[in-house]
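target.cif (mmCIF, C-alpha atoms)
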data_query
loop_
_atom_site.group_PDB
_atom_site.id
_atom_site.type_symbol
_atom_site.label_atom_id
_atom_site.label_comp_id
_atom_site.auth_asym_id
_atom_site.auth_seq_id
_atom_site.Cartn_x
_atom_site.Cartn_y
_atom_site.Cartn_z
ATOM 1 C CA MET L 1093 157.103 33.050 90.428
ATOM 2 C CA LYS L 1094 154.245 35.421 91.030
ATOM 3 C CA ASN L 1095 151.820 32.506 90.769
ATOM 4 C CA ILE L 1096 153.757 30.499 93.320
ATOM 5 C CA VAL L 1097 153.664 33.346 95.871
ATOM 6 C CA LEU L 1098 149.947 33.849 95.242
ATOM 7 C CA PHE L 1099 149.357 30.107 95.639
ATOM 8 C CA ILE L 1100 151.312 30.007 98.928
ATOM 9 C CA LEU L 1101 149.402 33.044 100.259
ATOM 10 C CA THR L 1102 146.078 31.453 99.291
ATOM 11 C CA ILE L 1103 147.005 28.177 100.982
ATOM 12 C CA SER L 1104 148.201 30.044 104.102
ATOM 13 C CA LEU L 1105 145.016 32.095 104.285
ATOM 14 C CA ALA L 1106 142.872 28.961 103.864
ATOM 15 C CA ALA L 1107 144.880 27.180 106.590
ATOM 16 C CA VAL L 1108 144.463 30.110 108.987
ATOM 17 C CA LEU L 1109 140.721 30.227 108.290
ATOM 18 C CA MET L 1110 140.418 26.461 108.876
ATOM 19 C CA ILE L 1111 142.381 26.670 112.135
ATOM 20 C CA VAL L 1112 140.142 29.518 113.348
ATOM 21 C CA HIS L 1113 137.043 27.536 112.341
ATOM 22 C CA ILE L 1114 138.261 24.392 114.131
ATOM 23 C CA ASN L 1115 139.169 26.377 117.267
ATOM 24 C CA GLN L 1116 135.689 27.920 117.286
ATOM 25 C CA ASN L 1117 134.077 24.497 116.969
ATOM 26 C CA VAL L 1118 136.230 23.072 119.772
ATOM 27 C CA ALA L 1119 135.370 26.040 122.001
ATOM 28 C CA LEU L 1120 131.677 25.586 121.155
ATOM 29 C CA ILE L 1121 131.836 21.877 122.052
ATOM 30 C CA LYS L 1122 133.629 22.646 125.348
ATOM 31 C CA ARG L 1123 130.979 25.234 126.227
ATOM 32 C CA SER L 1124 128.207 22.789 125.368
ATOM 33 C CA TYR L 1125 129.699 20.244 127.795
ATOM 34 C CA VAL L 1126 129.940 22.903 130.502
ATOM 35 C CA ILE L 1127 126.329 23.935 129.863
ATOM 36 C CA ARG L 1128 125.176 20.303 129.971
ATOM 37 C CA ASP L 1129 126.954 19.765 133.294
ATOM 38 C CA LYS L 1130 125.422 22.957 134.706
ATOM 39 C CA GLU L 1131 121.955 21.860 133.530
ATOM 40 C CA ARG L 1132 122.370 18.522 135.301
ATOM 41 C CA GLU L 1133 123.556 20.280 138.452
ATOM 42 C CA LEU L 1134 120.590 22.655 138.227
ATOM 43 C CA ALA L 1135 118.191 19.712 137.883
ATOM 44 C CA VAL L 1136 119.663 18.017 140.961
ATOM 45 C CA ILE L 1137 119.565 21.213 143.011
ATOM 46 C CA SER L 1138 116.024 21.934 141.835
ATOM 47 C CA ASP L 1139 114.892 18.458 142.920
ATOM 48 C CA GLN L 1140 116.574 18.923 146.286
ATOM 49 C CA TYR L 1141 114.880 22.301 146.679
ATOM 50 C CA LYS L 1142 111.463 20.822 145.886
ATOM 51 C CA GLN L 1143 112.049 18.003 148.385
ATOM 52 C CA LEU L 1144 113.143 20.442 151.101
ATOM 53 C CA VAL L 1145 110.140 22.710 150.473
ATOM 54 C CA PHE L 1146 107.853 19.679 150.730
ATOM 55 C CA GLU L 1147 109.490 18.580 153.990
ATOM 56 C CA LEU L 1148 109.285 22.116 155.379
ATOM 57 C CA ASN L 1149 105.595 22.357 154.508
ATOM 58 C CA ALA L 1150 105.047 18.958 156.105
ATOM 59 C CA LEU L 1151 106.711 20.174 159.292
ATOM 60 C CA HIS L 1152 104.513 23.271 159.334
ATOM 61 C CA SER L 1153 101.301 21.357 158.654
ATOM 62 C CA PRO L 1154 99.382 20.459 161.844
ATOM 63 C CA GLY L 1155 97.251 17.969 159.935
ATOM 64 C CA MET L 1156 100.340 16.144 158.727
ATOM 65 C CA LEU L 1157 101.697 16.006 162.270
ATOM 66 C CA GLU L 1158 98.411 14.634 163.573
ATOM 67 C CA ASN L 1159 98.386 11.971 160.850
ATOM 68 C CA LYS L 1160 101.957 10.939 161.680
ATOM 69 C CA ILE L 1161 101.084 10.689 165.368
ATOM 70 C CA LEU L 1162 97.978 8.609 164.602
ATOM 71 C CA GLN L 1163 99.945 6.310 162.282
ATOM 72 C CA SER L 1164 102.653 5.778 164.877
ATOM 73 C CA GLY L 1165 100.068 4.633 167.413
ATOM 74 C CA ILE L 1166 100.911 7.222 170.055
ATOM 75 C CA LYS L 1167 97.809 8.128 172.012
ATOM 76 C CA LEU L 1168 97.918 11.743 173.061
ATOM 77 C CA ILE L 1169 95.207 13.481 175.021
ATOM 78 C CA HIS L 1170 94.614 17.131 175.709
ATOM 79 C CA PRO L 1171 95.919 18.200 179.103
ATOM 80 C CA THR L 1172 93.383 18.705 181.843
ATOM 81 C CA ASP L 1173 92.906 22.000 183.601
ATOM 82 C CA ILE L 1174 95.137 22.447 186.620
ATOM 83 C CA LYS L 1175 94.417 24.863 189.410
ATOM 84 C CA ILE L 1176 97.414 26.356 191.172
ATOM 85 C CA ILE L 1177 96.900 27.361 194.762
ATOM 86 C CA LYS L 1178 99.536 29.525 196.437
ATOM 87 C CA ASN L 1179 99.914 29.111 200.170
ATOM 88 C CA MET L 1180 102.036 31.097 202.545
ATOM 89 C CA VAL L 1181 103.882 28.737 204.887
ATOM 90 C CA PRO L 1182 105.441 30.105 208.088
ATOM 91 C CA LEU L 1183 109.213 29.796 208.446
ATOM 92 C CA ASP L 1184 110.581 26.930 210.428
ATOM 93 C CA ALA L 1185 111.296 27.906 214.034
ATOM 94 C CA THR L 1186 114.777 26.377 213.853
ATOM 95 C CA LEU L 1187 115.761 28.853 211.135
ATOM 96 C CA LEU L 1188 114.703 31.732 213.302
ATOM 97 C CA ALA L 1189 116.519 30.250 216.275
ATOM 98 C CA LYS L 1190 119.815 30.195 214.328
ATOM 99 C CA ASN L 1191 119.574 33.972 213.771
ATOM 100 C CA ILE L 1192 119.323 33.724 209.984
ATOM 101 C CA ASN L 1193 118.317 37.007 208.554
ATOM 102 C CA ALA L 1194 115.152 35.969 206.765
ATOM 103 C CA LYS L 1195 114.910 39.195 204.829
ATOM 104 C CA ASP L 1196 118.311 38.648 203.175
ATOM 105 C CA ARG L 1197 117.758 34.932 202.640
ATOM 106 C CA PHE L 1198 114.216 34.962 201.279
ATOM 107 C CA GLY L 1199 113.823 38.397 199.709
ATOM 108 C CA ILE L 1200 110.889 40.661 200.418
ATOM 109 C CA LEU L 1201 108.644 37.895 201.776
ATOM 110 C CA GLY L 1202 111.384 36.799 204.195
ATOM 111 C CA GLY L 1203 110.723 39.890 206.281
ATOM 112 C CA LEU L 1204 107.181 38.618 206.793
ATOM 113 C CA GLU L 1205 108.629 35.329 207.995
ATOM 114 C CA PHE L 1206 106.716 33.361 205.337
ATOM 115 C CA LEU L 1207 107.894 31.411 202.320
ATOM 116 C CA PRO L 1208 105.869 31.084 199.127
ATOM 117 C CA GLU L 1209 104.792 27.536 198.393
ATOM 118 C CA ALA L 1210 102.741 26.361 195.436
ATOM 119 C CA HIS L 1211 100.508 23.307 195.252
ATOM 120 C CA ALA L 1212 98.880 21.967 192.113
ATOM 121 C CA ASN L 1213 95.486 20.313 192.220
ATOM 122 C CA SER L 1214 94.442 18.467 189.108
ATOM 123 C CA SER L 1215 90.779 18.341 188.125
ATOM 124 C CA GLU L 1216 90.745 14.542 188.445
#

Now, as a test, write the supplied structure out as structure tokens.
Amino acid sequence: MKNIVLFILTISLAAVLMIVHINQNVALIKRSYVIRDKERELAVISDQYKQLVFELNALHSPGMLENKILQSGIKLIHPTDIKIIKNMVPLDATLLAKNINAKDRFGILGGLEFLPEAHANSSE
């Protein structure tokens, strides 16, 4: 009888140890799948990051922009110098005849009865 109890205890202990070992292996395999998925996700995100950094550097690069413009066939030229001449034009007599308060309507220069007017002359 003592041998039977010892045998049953030995079998039970071996079964418990095998169950623990199998559970550890299953947990290890699950973790390895999770790690593999995370590694794939990291590779995809890393590739996206490299692509975005390349595109950002391309946007910041003046040489790259010039090459794109040349390849597209757009002909751009540097702007020419423009001279701005400011003239003071007297107020229209009809405005004064209608009793419009020029100072209120045109600010500080309205009191002088002149309006600012700008003309642009190109160097062509």

(request) Record the distance separating atom CA of Ser1164 of chain L and atom CA of Ala1150 of chain L, expressed in Å with one decimal. (result)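 These two atoms are separated by 16.0 Å.
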
(request) For atom CA of Ile1169 of chain L and atom CA of Glu1147 of chain L, quote the distance in Å rounded to one decimal. (result) 25.9 Å

(request) Please measure the separation of atom CA of Ala1106 of chain L and atom CA of Tyr1125 of chain L, giving the value in Å to one decimal. (result) 28.7 Å

Listed atoms of segment 1114-1121 of chain L boxed along x, y and z, 4 Å each side, centre and edge lengths in Å, one decimal, as lines of an AutoDock Vina configuration file:
center_x = 135.4
center_y = 24.9
center_z = 118.1
size_x = 15.5
size_y = 14.0
size_z = 15.9
